[in-house]
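One file, model16.tsv, carrying TSV, C-alpha atoms:
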```tsv
chain	number	residue	atom	x	y	z
A	1	ASN	CA	46.91	157.08	207.56
A	2	GLN	CA	45.67	156.67	211.10
A	3	LEU	CA	43.40	153.82	210.00
A	4	CYS	CA	46.31	152.10	208.26
A	5	CYS	CA	48.45	152.43	211.38
A	6	GLU	CA	45.70	150.91	213.50
A	7	ILE	CA	45.35	147.99	211.08
A	8	LEU	CA	49.11	147.41	211.18
A	9	LEU	CA	49.08	147.49	214.98
A	10	LEU	CA	46.24	144.98	215.05
A	11	GLY	CA	48.16	142.77	212.65
A	12	GLU	CA	51.27	142.95	214.83
A	13	ALA	CA	49.20	142.14	217.91
A	14	PHE	CA	47.71	139.14	216.12
A	15	MET	CA	51.15	137.86	215.12
A	16	GLU	CA	52.39	138.26	218.65
A	17	GLN	CA	49.56	136.05	219.90
A	18	ARG	CA	49.96	133.46	217.16
A	19	LYS	CA	50.89	130.05	218.47
A	20	LEU	CA	53.55	128.00	216.72
A	21	SER	CA	52.41	125.25	214.38
A	22	GLY	CA	52.88	121.58	215.16
A	23	MET	CA	55.93	121.25	212.90
A	24	GLU	CA	57.51	124.39	214.39
A	25	LEU	CA	56.97	123.02	217.90
A	26	ALA	CA	58.35	119.61	216.89
A	27	SER	CA	61.43	121.22	215.33
A	28	PHE	CA	62.08	123.39	218.39
A	29	CYS	CA	61.66	120.47	220.82
A	30	GLY	CA	63.82	118.19	218.68
A	31	GLN	CA	66.67	120.69	218.47
A	32	LEU	CA	66.56	121.41	222.18
A	33	ALA	CA	66.41	117.67	223.03
A	34	LEU	CA	69.50	117.03	220.89
A	35	ILE	CA	71.34	119.92	222.54
A	36	LEU	CA	70.48	118.83	226.07
A	37	ARG	CA	71.45	115.21	225.36
A	38	SER	CA	74.85	116.49	224.18
A	39	GLY	CA	75.47	117.88	227.66
A	40	ILE	CA	74.98	121.51	226.63
A	41	SER	CA	72.94	123.73	228.95
A	42	ALA	CA	69.61	125.19	227.90
A	43	VAL	CA	71.10	128.71	227.82
A	44	GLU	CA	73.96	127.67	225.55
A	45	GLY	CA	71.52	125.71	223.43
A	46	ILE	CA	69.24	128.71	222.89
A	47	VAL	CA	72.31	130.80	222.03
A	48	THR	CA	73.33	128.20	219.44
A	49	MET	CA	69.84	128.12	217.95
A	50	LEU	CA	69.80	131.93	217.86
A	51	GLU	CA	73.06	132.00	215.94
A	52	ASP	CA	71.82	129.50	213.37
A	53	THR	CA	68.40	131.02	212.66
A	54	VAL	CA	67.84	133.33	209.69
A	55	SER	CA	64.18	134.12	210.31
A	56	ALA	CA	63.47	137.48	211.97
A	57	THR	CA	60.41	136.05	213.73
A	58	GLU	CA	62.32	133.06	215.10
A	59	LYS	CA	65.16	135.34	216.20
A	60	GLU	CA	62.74	137.55	218.11
A	61	ILE	CA	61.20	134.56	219.87
A	62	LEU	CA	64.57	133.05	220.78
A	63	GLU	CA	65.84	136.40	222.06
A	64	LYS	CA	62.83	136.63	224.40
A	65	ILE	CA	63.44	133.09	225.62
A	66	LEU	CA	67.15	133.71	226.14
A	67	LYS	CA	66.60	136.94	228.07
A	68	LYS	CA	64.12	135.37	230.47
A	69	LEU	CA	66.17	132.18	230.79
A	70	GLU	CA	69.28	134.13	231.78
A	71	GLU	CA	67.26	136.05	234.37
A	72	THR	CA	65.47	133.10	235.98
A	73	GLY	CA	67.30	129.94	234.91
A	74	ASN	CA	63.85	128.40	234.38
A	75	LEU	CA	63.07	127.20	230.85
A	76	SER	CA	59.31	126.80	231.37
A	77	MET	CA	59.04	130.42	232.55
A	78	ALA	CA	61.13	131.57	229.60
A	79	LEU	CA	58.95	129.71	227.12
A	80	SER	CA	55.81	131.06	228.79
A	81	ASP	CA	57.16	134.61	228.52
A	82	ALA	CA	57.59	134.16	224.74
A	83	GLY	CA	53.81	133.75	224.44
A	84	VAL	CA	53.85	131.39	221.43
A	85	PHE	CA	53.96	127.96	223.09
A	86	PRO	CA	50.83	125.97	224.09
A	87	ALA	CA	49.98	125.47	227.76
A	88	TYR	CA	50.39	121.70	227.50
A	89	MET	CA	54.00	122.03	226.37
A	90	LEU	CA	54.78	124.58	229.09
A	91	HIS	CA	53.42	122.26	231.75
A	92	MET	CA	55.36	119.28	230.43
A	93	VAL	CA	58.60	121.30	230.33
A	94	GLU	CA	58.01	122.35	233.93
A	95	ILE	CA	57.57	118.69	234.92
A	96	GLY	CA	60.72	117.75	233.00
A	97	GLU	CA	62.75	120.38	234.85
A	98	GLU	CA	61.45	119.23	238.22
A	99	ALA	CA	62.13	115.56	237.42
A	100	GLY	CA	65.56	116.23	235.94
A	101	ALA	CA	64.54	114.61	232.65
A	102	LEU	CA	64.14	117.67	230.44
A	103	ASP	CA	65.94	116.05	227.48
A	104	GLU	CA	63.58	113.06	227.54
A	105	VAL	CA	60.55	115.33	227.85
A	106	MET	CA	61.66	117.48	224.90
A	107	HIS	CA	62.22	114.36	222.77
A	108	SER	CA	58.78	113.03	223.73
A	109	LEU	CA	57.23	116.41	222.90
A	110	GLU	CA	58.92	116.29	219.49
A	111	ILE	CA	57.25	112.95	218.75
A	112	HIS	CA	53.95	114.20	220.18
A	113	TYR	CA	53.78	117.31	217.98
A	114	GLU	CA	54.96	115.41	214.90
A	115	ARG	CA	52.00	113.06	215.42
A	116	GLU	CA	49.65	116.02	215.97
A	117	GLU	CA	50.83	117.64	212.75
A	118	SER	CA	50.49	114.36	210.86
A	119	ILE	CA	46.87	114.02	212.01
A	120	LYS	CA	46.09	117.61	211.03
A	121	ARG	CA	47.73	117.17	207.64
A	122	THR	CA	45.76	113.99	206.99
A	123	VAL	CA	42.47	115.67	207.89
A	124	ARG	CA	43.34	118.78	205.89
A	125	ASN	CA	44.19	116.76	202.78
A	126	ALA	CA	40.98	114.76	203.07
A	127	ILE	CA	38.90	117.95	203.23
A	128	THR	CA	40.83	120.05	200.71
A	129	TYR	CA	40.55	117.71	197.74
A	130	PRO	CA	36.73	117.37	197.80
A	131	LEU	CA	36.42	121.14	198.25
A	132	ILE	CA	38.60	121.78	195.19
A	133	MET	CA	36.63	119.29	193.13
A	134	ALA	CA	33.33	120.78	194.31
A	135	GLY	CA	34.58	124.26	193.40
A	136	MET	CA	35.54	123.08	189.92
A	137	MET	CA	32.12	121.49	189.48
A	138	ILE	CA	30.38	124.73	190.45
A	139	ILE	CA	32.51	126.76	188.03
A	140	VAL	CA	31.97	124.37	185.10
A	141	ILE	CA	28.22	124.17	185.70
A	142	ALA	CA	27.96	127.97	186.09
A	143	VAL	CA	29.79	128.51	182.76
A	144	LEU	CA	27.48	126.06	181.01
A	145	LEU	CA	24.34	127.68	182.40
A	146	ILE	CA	25.42	131.31	181.96
A	147	ARG	CA	27.42	131.19	178.71
A	148	VAL	CA	26.64	128.01	176.78
A	149	MET	CA	22.88	127.66	177.25
A	150	PRO	CA	22.07	131.15	175.80
A	151	VAL	CA	24.12	130.24	172.70
A	152	PHE	CA	22.03	127.12	172.18
A	153	ASN	CA	18.88	129.18	172.71
A	154	GLN	CA	19.93	131.58	169.94
A	155	VAL	CA	20.44	128.60	167.62
A	156	PHE	CA	16.95	127.36	168.44
A	157	VAL	CA	15.47	130.84	167.81
A	158	GLN	CA	17.17	131.01	164.43
A	159	LEU	CA	15.62	127.66	163.58
A	160	GLY	CA	12.16	129.03	164.43
A	161	THR	CA	11.70	127.48	167.88
A	162	GLU	CA	13.04	127.85	171.40
A	163	LEU	CA	14.21	125.82	174.37
A	164	THR	CA	11.48	124.08	176.31
A	165	GLY	CA	11.08	121.83	179.31
A	166	PHE	CA	14.18	120.92	181.32
A	167	SER	CA	16.60	122.78	179.04
A	168	ARG	CA	14.49	125.95	179.37
A	169	THR	CA	14.58	125.63	183.15
A	170	LEU	CA	18.37	125.33	183.06
A	171	MET	CA	18.68	128.44	180.91
A	172	ASP	CA	16.38	130.36	183.27
A	173	ILE	CA	18.59	129.32	186.18
A	174	GLY	CA	21.66	130.59	184.29
A	175	THR	CA	19.87	133.88	183.55
A	176	ALA	CA	18.99	134.29	187.24
A	177	ILE	CA	22.60	133.60	188.26
A	178	SER	CA	23.87	136.15	185.75
A	179	ARG	CA	21.28	138.75	186.82
A	180	TYR	CA	21.98	138.35	190.53
A	181	ALA	CA	25.72	137.72	190.18
A	182	LEU	CA	26.55	140.20	192.94
A	183	VAL	CA	24.33	138.35	195.40
A	184	PHE	CA	25.99	135.05	194.56
A	185	VAL	CA	29.47	136.59	194.88
A	186	VAL	CA	28.57	137.94	198.33
A	187	LEU	CA	27.20	134.52	199.26
A	188	LEU	CA	30.43	132.83	198.16
A	189	VAL	CA	32.48	135.34	200.16
A	190	VAL	CA	30.36	134.64	203.23
A	191	ILE	CA	30.87	130.89	202.74
A	192	ALA	CA	34.63	131.43	202.35
A	193	VAL	CA	34.78	133.54	205.52
A	194	PHE	CA	32.78	130.90	207.38
A	195	ALA	CA	35.17	128.20	206.14
A	196	VAL	CA	38.17	130.21	207.35
A	197	TYR	CA	36.44	130.71	210.70
A	198	MET	CA	35.89	126.97	211.11
A	199	ALA	CA	39.49	126.22	210.10
A	200	LYS	CA	41.37	128.87	212.08
A	201	PHE	CA	39.43	129.38	215.32
A	202	SER	CA	38.77	126.84	218.07
A	203	SER	CA	35.09	127.83	218.33
A	204	GLY	CA	34.74	127.30	214.57
A	205	ARG	CA	36.44	123.92	214.75
A	206	ASN	CA	34.11	122.92	217.58
A	207	LEU	CA	31.11	123.97	215.47
A	208	PHE	CA	32.41	121.93	212.53
A	209	ARG	CA	32.90	118.89	214.78
A	210	LYS	CA	29.38	119.30	216.11
A	211	LEU	CA	27.91	119.44	212.62
A	212	ALA	CA	30.08	116.65	211.20
A	213	GLY	CA	29.54	114.54	214.31
A	214	ARG	CA	25.89	114.06	213.34
A	215	PHE	CA	27.05	111.68	210.59
A	216	GLY	CA	28.09	108.20	211.69
A	217	PRO	CA	31.30	107.81	209.62
A	218	ALA	CA	32.53	111.29	210.57
A	219	ARG	CA	31.78	110.65	214.25
A	220	ARG	CA	33.79	107.42	214.20
A	221	LEU	CA	36.66	109.22	212.53
A	222	TYR	CA	36.64	112.01	215.13
A	223	ASP	CA	36.54	109.41	217.91
A	224	GLU	CA	39.62	107.71	216.48
A	225	ILE	CA	41.48	111.01	216.13
A	226	ALA	CA	40.59	112.01	219.71
A	227	ALA	CA	41.61	108.57	221.01
A	228	CYS	CA	44.91	108.81	219.14
A	229	ARG	CA	45.69	112.19	220.69
A	230	PHE	CA	44.60	110.95	224.12
A	231	ALA	CA	46.84	107.88	223.93
A	232	ALA	CA	49.81	109.93	222.72
A	233	GLY	CA	49.34	112.46	225.51
A	234	MET	CA	48.96	109.75	228.16
A	235	ALA	CA	52.15	108.04	226.93
A	236	LEU	CA	54.05	111.30	227.26
A	237	THR	CA	52.76	112.25	230.70
A	238	LEU	CA	53.13	108.76	232.18
A	239	ARG	CA	56.66	108.54	230.82
A	240	THR	CA	57.61	111.65	232.79
A	241	GLY	CA	56.48	110.06	236.05
A	242	LEU	CA	53.05	111.63	236.50
A	243	ASN	CA	50.39	109.48	238.14
A	244	PRO	CA	47.47	108.34	235.95
A	245	TYR	CA	44.94	110.68	237.59
A	246	ARG	CA	47.09	113.78	236.96
A	247	SER	CA	47.76	112.59	233.42
A	248	MET	CA	44.02	112.27	232.85
A	249	GLU	CA	43.49	115.82	234.15
A	250	LEU	CA	45.97	117.15	231.60
A	251	MET	CA	44.28	115.20	228.80
A	252	VAL	CA	40.88	116.62	229.76
A	253	SER	CA	42.23	120.19	229.72
A	254	MET	CA	43.78	119.85	226.24
A	255	ASN	CA	40.92	117.94	224.59
A	256	GLU	CA	38.88	119.92	222.03
A	257	ASP	CA	36.27	117.33	221.07
A	258	PRO	CA	33.12	117.89	223.21
A	259	VAL	CA	31.81	114.33	222.68
A	260	PHE	CA	35.12	112.71	223.62
A	261	ARG	CA	35.47	115.09	226.54
A	262	LYS	CA	32.22	113.76	228.02
A	263	LYS	CA	33.78	110.31	227.98
A	264	LEU	CA	36.87	111.68	229.73
A	265	ASP	CA	34.70	113.36	232.37
A	266	LYS	CA	32.86	110.09	233.03
A	267	CYS	CA	36.18	108.28	233.28
A	268	MET	CA	37.52	110.87	235.74
A	269	GLN	CA	34.37	110.49	237.83
A	270	GLN	CA	34.76	106.72	237.97
A	271	ILE	CA	38.42	107.07	238.98
A	272	THR	CA	37.40	109.54	241.70
A	273	ASP	CA	34.84	106.99	242.94
A	274	GLY	CA	37.62	104.43	243.31
A	275	ALA	CA	37.62	102.57	240.00
A	276	GLU	CA	40.92	101.40	238.50
A	277	TYR	CA	41.71	103.79	235.65
A	278	THR	CA	42.46	101.15	233.00
A	279	LYS	CA	39.07	99.53	233.62
A	280	ALA	CA	37.38	102.96	233.61
A	281	LEU	CA	38.89	103.68	230.18
A	282	ALA	CA	37.25	100.53	228.81
A	283	GLU	CA	33.91	100.97	230.58
A	284	VAL	CA	33.25	104.49	229.25
A	285	GLY	CA	34.34	103.52	225.73
A	286	ILE	CA	37.54	105.53	225.38
A	287	PHE	CA	39.30	102.32	224.36
A	288	THR	CA	37.43	99.30	223.07
A	289	GLY	CA	38.25	95.79	221.87
A	290	VAL	CA	41.92	94.97	221.48
A	291	TYR	CA	43.00	98.45	222.60
A	292	ALA	CA	41.22	98.06	225.94
A	293	ARG	CA	42.89	94.66	226.47
A	294	MET	CA	46.28	96.15	225.61
A	295	VAL	CA	45.85	98.79	228.32
A	296	LEU	CA	44.84	96.16	230.89
A	297	VAL	CA	47.89	94.06	230.04
A	298	GLY	CA	50.11	97.14	230.20
A	299	SER	CA	48.74	97.96	233.64
A	300	LYS	CA	49.58	94.48	234.93
A	301	THR	CA	53.09	94.56	233.47
A	302	GLY	CA	53.84	98.17	234.42
A	303	THR	CA	54.29	99.29	230.80
A	304	VAL	CA	51.21	101.45	230.31
A	305	ASP	CA	53.26	104.31	228.81
A	306	GLN	CA	54.68	102.01	226.14
A	307	VAL	CA	51.27	100.50	225.45
A	308	MET	CA	49.73	103.97	225.10
A	309	SER	CA	52.42	104.89	222.58
A	310	GLN	CA	51.68	101.73	220.59
A	311	ILE	CA	47.94	102.46	220.69
A	312	ALA	CA	48.56	106.00	219.42
A	313	ASP	CA	50.58	104.60	216.49
A	314	LEU	CA	47.86	102.07	215.68
A	315	TYR	CA	45.13	104.70	215.83
A	316	GLN	CA	47.14	106.98	213.56
A	317	GLU	CA	47.52	104.16	211.04
A	318	ASP	CA	43.75	103.58	211.24
A	319	VAL	CA	43.05	107.29	210.70
A	320	ASP	CA	45.44	107.46	207.73
A	321	THR	CA	43.88	104.34	206.19
A	322	ARG	CA	40.34	105.65	206.70
A	323	MET	CA	41.25	109.02	205.17
A	324	ASN	CA	42.98	107.41	202.18
A	325	ASN	CA	39.97	105.16	201.60
A	326	LEU	CA	37.67	108.18	201.81
A	327	ILE	CA	39.70	110.07	199.23
A	328	ALA	CA	39.83	106.96	197.01
A	329	VAL	CA	36.02	106.84	197.05
A	330	LEU	CA	35.44	110.58	196.70
A	331	GLU	CA	37.73	111.07	193.71
A	332	PRO	CA	35.86	108.87	191.21
A	333	THR	CA	32.50	109.82	192.75
A	334	LEU	CA	33.07	113.53	192.16
A	335	VAL	CA	34.46	112.96	188.67
A	336	ILE	CA	31.48	110.78	187.73
A	337	SER	CA	29.05	113.31	189.23
A	338	LEU	CA	30.62	116.15	187.26
A	339	SER	CA	30.53	114.09	184.06
A	340	LEU	CA	26.87	113.17	184.56
A	341	ILE	CA	25.82	116.75	185.32
A	342	VAL	CA	27.71	118.23	182.37
A	343	GLY	CA	26.49	115.44	180.10
A	344	GLY	CA	22.90	115.92	181.27
A	345	ILE	CA	23.02	119.65	180.57
A	346	LEU	CA	24.46	119.18	177.08
A	347	LEU	CA	22.13	116.30	176.17
A	348	SER	CA	19.11	118.35	177.28
A	349	VAL	CA	19.74	120.65	174.32
A	350	MET	CA	21.47	118.29	171.91
A	351	PHE	CA	18.57	115.82	171.62
A	352	PRO	CA	15.97	118.49	170.73
A	353	LEU	CA	18.48	120.08	168.32
A	354	MET	CA	19.10	116.74	166.63
A	355	GLY	CA	15.33	116.24	166.31
A	356	ILE	CA	14.91	119.64	164.63
A	357	MET	CA	17.87	119.06	162.30
A	358	SER	CA	16.56	115.61	161.26
A	359	GLY	CA	13.18	117.15	160.35
A	360	ILE	CA	14.65	119.74	158.01
```

Final structure tokens representation of the file:
Amino acid sequence: NQLCCEILLLGEAFMEQRKLSGMELASFCGQLALILRSGISAVEGIVTMLEDTVSATEKEILEKILKKLEETGNLSMALSDAGVFPAYMLHMVEIGEEAGALDEVMHSLEIHYEREESIKRTVRNAITYPLIMAGMMIIVIAVLLIRVMPVFNQVFVQLGTELTGFSRTLMDIGTAISRYALVFVVLLVVIAVFAVYMAKFSSGRNLFRKLAGRFGPARRLYDEIAACRFAAGMALTLRTGLNPYRSMELMVSMNEDPVFRKKLDKCMQQITDGAEYTKALAEVGIFTGVYARMVLVGSKTGTVDQVMSQIADLYQEDVDTRMNNLIAVLEPTLVISLSLIVGGILLSVMFPLMGIMSGI
């Protein structure tokens, strides 16, 4: 009983530390932006949201926010006290309060987190489908080796011979898998745990990026995703009135891609040395080609925030297109691979069987 209580307490502690998802953040920011634009105060808005919610978890979060907001009158402090909002959002809300543009900031944050969630969903879909197909391939091949091949071997024995060559090797592999099934199950569990670690924890995601970044196509994709997030963040921070250097500092602090972060560090160093930030972005390779020229034009016309937003949209379209093309290539490739493997296994026993039957 004591152990169960400790597990429950750990689970509650984990839930308390859980950050909201991108869609949850976008929904919260969107609702609050709509309320503030209607001329309703933040306190009254939180009260309204609290009355409308039916989720116990959401109600608990909103109650914490409302209590702190009534005590301090400061929304950023209230959100920070709830413990479920990311640091970037808290900082932007604080800036919005100081600048008197909290409604605009909340609307921009809504768009920002919708874009973040869209990117994550695109990446997740591109990874999930191949994993499902690969899992199906492993299951089908395992059934053929463990269950079907011994049946064919019995047929050969009854005909006075036995499997030889490649087909014999396949049956031996199936026998080994069946004999050491527990070892393979443990191995699969370890792989599953490792996959969850890479998906749920920042250190795991960094490890996955490092491994995937060794491949050219994956590296280009990660660069585009990082550039999309950078452009979206810069658009948001510049729109609130922050200077470019401070905006860059915020982007460096929220970036999770180690390769892209090196580019940001080089850019920050060049800006510190006196370089113009739009030129520094192009020189270190954060933006290239038409995107770099768009930023330069935006700098001359004083519309860098709008240009950054356009660049983020273009990068997101590129990422979506690249992901869709990848899935379009993987789907037939995996199906063909599965067909060839299954066909190869069956033909390895069917041809010898047909030869024996024709000689009878």

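You can rank A:Leu347, A:Ala292, A:Met254, A:Ala275 by their closest distance to A:Tyr88 using all atoms listed in the file, and at the top of that list sits A:Met254.
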
>> Which polymer residues, whether protein, DNA or RNA, lie within 12 Å of the coordinate (26.7, 130.1, 176.4) when you count all atoms listed in the file? List them as a list in words, using the chain letters and numbers from the file.
In response: Val140, Ile141, Ala142, Val143, Leu144, Leu145, Ile146, Arg147, Val148, Met149, Pro150, Val151, Phe152, Asn153, Gln154, Val155, Leu170, Met171, Gly174, Thr175, Ser178, Ile345, Leu346 and Val349 of chain A

Create the file for the chosen residues now, containing C-alpha atoms and written as a PDB file, in the frame of the given file.
```pdb
ATOM      1  CA  VAL A 140      31.970 124.370 185.100  1.00  0.00           C
ATOM      2  CA  ILE A 141      28.220 124.170 185.700  1.00  0.00           C
ATOM      3  CA  ALA A 142      27.960 127.970 186.090  1.00  0.00           C
ATOM      4  CA  VAL A 143      29.790 128.510 182.760  1.00  0.00           C
ATOM      5  CA  LEU A 144      27.480 126.060 181.010  1.00  0.00           C
ATOM      6  CA  LEU A 145      24.340 127.680 182.400  1.00  0.00           C
ATOM      7  CA  ILE A 146      25.420 131.310 181.960  1.00  0.00           C
ATOM      8  CA  ARG A 147      27.420 131.190 178.710  1.00  0.00           C
ATOM      9  CA  VAL A 148      26.640 128.010 176.780  1.00  0.00           C
ATOM     10  CA  MET A 149      22.880 127.660 177.250  1.00  0.00           C
ATOM     11  CA  PRO A 150      22.070 131.150 175.800  1.00  0.00           C
ATOM     12  CA  VAL A 151      24.120 130.240 172.700  1.00  0.00           C
ATOM     13  CA  PHE A 152      22.030 127.120 172.180  1.00  0.00           C
ATOM     14  CA  ASN A 153      18.880 129.180 172.710  1.00  0.00           C
ATOM     15  CA  GLN A 154      19.930 131.580 169.940  1.00  0.00           C
ATOM     16  CA  VAL A 155      20.440 128.600 167.620  1.00  0.00           C
ATOM     17  CA  LEU A 170      18.370 125.330 183.060  1.00  0.00           C
ATOM     18  CA  MET A 171      18.680 128.440 180.910  1.00  0.00           C
ATOM     19  CA  GLY A 174      21.660 130.590 184.290  1.00  0.00           C
ATOM     20  CA  THR A 175      19.870 133.880 183.550  1.00  0.00           C
ATOM     21  CA  SER A 178      23.870 136.150 185.750  1.00  0.00           C
ATOM     22  CA  ILE A 345      23.020 119.650 180.570  1.00  0.00           C
ATOM     23  CA  LEU A 346      24.460 119.180 177.080  1.00  0.00           C
ATOM     24  CA  VAL A 349      19.740 120.650 174.320  1.00  0.00           C
TER      25      VAL A 349
END
```

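Minimum atom-to-atom distances from A:Ile191, A:Ile65, A:Ala227, A:Leu326 to A:Thr122 were compared using all atoms listed in the file, and the lowest value belongs to A:Leu326.
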
Point (68.8, 134.1, 224.7) neighbourhood (12 Å, only C-alpha atoms) written as a CSV table (one decimal) with C-alpha atoms, in the coordinates of the input:
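The result, written out as out_37.csv:
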```csv
chain,number,residue,atom,x,y,z
A,41,SER,CA,72.9,123.7,229.0
A,42,ALA,CA,69.6,125.2,227.9
A,43,VAL,CA,71.1,128.7,227.8
A,44,GLU,CA,74.0,127.7,225.6
A,45,GLY,CA,71.5,125.7,223.4
A,46,ILE,CA,69.2,128.7,222.9
A,47,VAL,CA,72.3,130.8,222.0
A,48,THR,CA,73.3,128.2,219.4
A,49,MET,CA,69.8,128.1,218.0
A,50,LEU,CA,69.8,131.9,217.9
A,51,GLU,CA,73.1,132.0,215.9
A,58,GLU,CA,62.3,133.1,215.1
A,59,LYS,CA,65.2,135.3,216.2
A,60,GLU,CA,62.7,137.6,218.1
A,61,ILE,CA,61.2,134.6,219.9
A,62,LEU,CA,64.6,133.0,220.8
A,63,GLU,CA,65.8,136.4,222.1
A,64,LYS,CA,62.8,136.6,224.4
A,65,ILE,CA,63.4,133.1,225.6
A,66,LEU,CA,67.2,133.7,226.1
A,67,LYS,CA,66.6,136.9,228.1
A,68,LYS,CA,64.1,135.4,230.5
A,69,LEU,CA,66.2,132.2,230.8
A,70,GLU,CA,69.3,134.1,231.8
A,71,GLU,CA,67.3,136.0,234.4
A,72,THR,CA,65.5,133.1,236.0
A,73,GLY,CA,67.3,129.9,234.9
A,75,LEU,CA,63.1,127.2,230.8
A,78,ALA,CA,61.1,131.6,229.6
A,79,LEU,CA,59.0,129.7,227.1
A,82,ALA,CA,57.6,134.2,224.7
```

>> Please compute the atom CA of A:Glu110-atom CA of A:Cys29 distance, one decimal, in Å.
In response: 5.2 Å

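Each of A:Tyr197, A:Leu250, A:Arg229, A:Gly298 was checked against A:Leu90 using all atoms listed in the file; the smallest atom-to-atom distance is that of A:Leu250.
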